[in-house]
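Before any comments, here is the structure.
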Amino acid sequence: MNKTIRHTSVFVLLLVLALLGRATWVQAYRAEALADDQKNRRNTIAQYAQPLGNIVVAGSPVTGSKRTEGTDLEYRRTYTEGELYAAVTGYSSQAYGSTQLEGIYADVLDGTEDRLKNPLDAVTRKQREPGTVLTTIDPAVQEAAYRALGNKKGAAVAVDPVSGRILALASTPSYDPSKISGTNDGAAWRELTGDPDKPLVNRALRQPLPPGSTFKLVVAAAALEDGLYRSVDTATESPSPYTLPHTRTVLRNENASAPCENATIRTALRYSCNNVFGKMAADLGQDKVRAMAERFGFNDAELDVPVRAYASVYPSTMDPAQTALSGIGQFDVTATPLQMAMVSAAIANDGLLAAPHMVSEVVDSDGDALTSYEDGDTRRIVSSATAAQLRSAMVTVVEEGTGTNAAVAGAEVGGKTGTAQHGENNSKTPYAWFTSYAKDPATGKQVAVAVMIEDSGAARSEVSGNGLAAPVAQKMMAAALK
């Protein structure tokens with residue numbers, strides 16, 4: 001063999017070995033990564049090759065699947081009363097991916113979750129029958145929330161204080177996930193993403209806003225736990241109007257004739273006295289107020305229900321004047337409706353906060369549990385005595401104060417209104433808030449609720465927690481106690 005042929009043969013052999021090595025490396029070490037790559041069309045084909053598993057509310061699926069035509073994706077997701085449950089389910093779209101419960105449990109719902117497979121299936125990558133996600137949502141409470149919100153821009157959350165089960169999670173304006181579940185829904189997607197009212201945003205979990213006077217419950221809890229005041233009926237040291245520390249800025253009350261000067265906590269909650277809670281926060285100092293806020297759940301960047309909620313924020317590095325403003329839920333304090341429902345839930349449950357969750361169990365096709373979420377996973381926030389005092393004061397708010405629209409016949413109802421400033425120098429329409437709890441002494445049923453109205457279309461002078469948010473909470477509590 002001449003020298004040229006020999007060199008060519010060696011070179012070709014090296015190329016063959018390189019190709020074999022590359023193929024071996026891809027199949028042995030890169031197969032899983034390539035299979036899981038989001039750009040791998042086969043994954044989407046496999047995901048929609050069979051009907052998806054369902055998300056279930058009170059024993060009935062609120063999702064489904066139907067056959068498609070003219071595409072290699074055999075099935076597409078459908079939704080029963082999609083707008084009603086969109087804040088719970090999220091969407092599963094062949095073109096735009098999956099969100100919320102649809103996204104978190106995508107591998108269970110499409111049958112690719114490893115726990116659904118036996119050892120042979122894991123080797124052959126055979127797709128098994130999908131699993132099911134069982135939620136804690138109460139359809140009556142969910143519908144009450146959604147219908148009561150109506151065409152308002154806002155959100156509402158209802159929680160069982162003892163178990164932590166989320167009974168309702170509503171966000172408006174909503175959308176029908178069925179309209180974006182296919183591959184040819186570009187017009188509907190552009191309409192949703194271009195809508196200035198942002199219907200795809202889950203306002204119940206993912207839009208923290210200033211909570212206004214509902215935050216006064218947290219400040220009152222801090223003052224009682226710290227011993228700054230002995231009880232909700234102890235007179236405070238609160239001049240009216242109150243001048244913010246080291247400034248000439250006067251913090252006034254919405255109702256100038258209210259008996260807010262040196263008012264007790266009960267009276268201050270009843271009339272929502274800014275001077276009392278601004279002074280109280282300044283007296284406590286930001287560290288003590290923040291510590292109490294964080295016990296309730298503020299500043300938690302990993303609150304999963306199991307959908308991750310955005311952190312509600314109590315700020316740091318404030319000066320005394322800013323700390324005073326934080327005491328009335330302003331400055332840089334923000335909260336989600338979920339967070340404010342957690343505040344009322346802990347107060348209702350004798351100072352114990354049960355971890356909120358909206359999924360009870362994830363099961364396989366045989367009904368065997370893959371994941372279970374425990375009810376009543378609690379931690380103590382305030383003492384039982386402090387919780388009892390706060391409940392008593394909250395009842396006064398509903399029976400005699402600013403929260404009368406939340407009353408439910410035959411039930412103990414306590415609440416707190418809030419009207420939060422919006423825009424520079426409060427130039428925009430304020431946010432209306434209400435957080436509350438209700439207990440039925442006859443049945444033992446109870447519920448904690450928070451409602452936030454971002455925009456109702458009402459005139460600025462008509463915006464109030466009692467006028468806009470409390471009626472929504474009332475309907476939700478009445479539904480929960482039935």
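Naming works like this for the structure tokens: A, B, ... for the chains as they're shown, residue 1 at the start of each chain, ligands 1 onward in shown order.
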**Study point:** helix (DSSP H, G or I) residues, from DSSP on the backbone, in segment 43-254 of chain A, as a PyMOL selection string
**Key:** chain A and resi 43-47+82-89+100-104+106-109+114-116+119-124+139-149+177-180+186-194+203-206+212-226
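The shell of residues at most 7 Å from segment 392-400 of chain A, with only C-alpha atoms counted and near chain neighbours (fewer than 3 positions) removed, consists of A:Arg266, A:Leu269, A:Arg270, A:Ala388, A:Gln389, A:Gly403, A:Thr404, A:Ala406, A:Ala407, A:Val413, A:Gly414, A:Gly415, A:Lys416.
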Each residue of segment 115-178 of chain A with at least one atom at most 7 Å from segment 104-111 of chain A should appear once, together with its nearest atom pair and the corresponding distance in Å (one decimal); atoms considered: only C-alpha atoms; ordering: chain, then increasing residue number; output as a tab-separated table.
```
residue	atom	partner	partner_atom	distance
A:Leu116	CA	A:Gly111	CA	6.8
A:Gln127	CA	A:Gly111	CA	5.8
A:Arg128	CA	A:Gly111	CA	5.2
A:Glu129	CA	A:Gly111	CA	5.4
A:Pro130	CA	A:Gly111	CA	3.9
A:Gly131	CA	A:Val108	CA	5.2
A:Thr132	CA	A:Leu109	CA	6.4
```
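Non-sequential neighbours of Asn151 of chain A (distance at most 12 Å, separation of 4 or more positions within a chain, only C-alpha atoms) are Ala145, Tyr146, Arg147, Ala155, Ser171, Thr172, Pro173, Ser174, Asp197, Pro199, Ile453, Glu454, Asp455, Ser456, Gly457 and Ala458 of chain A.
The residue set within 8 Å of segment 283-292 of chain A, counting only C-alpha atoms and dropping same-chain residues fewer than 5 places from it, reads Val218, Val219, Ala221, Ala222, Ala223, Leu228, Tyr314, Pro315, Ser316, Met318, Pro320, Thr323 and Ile381 of chain A.
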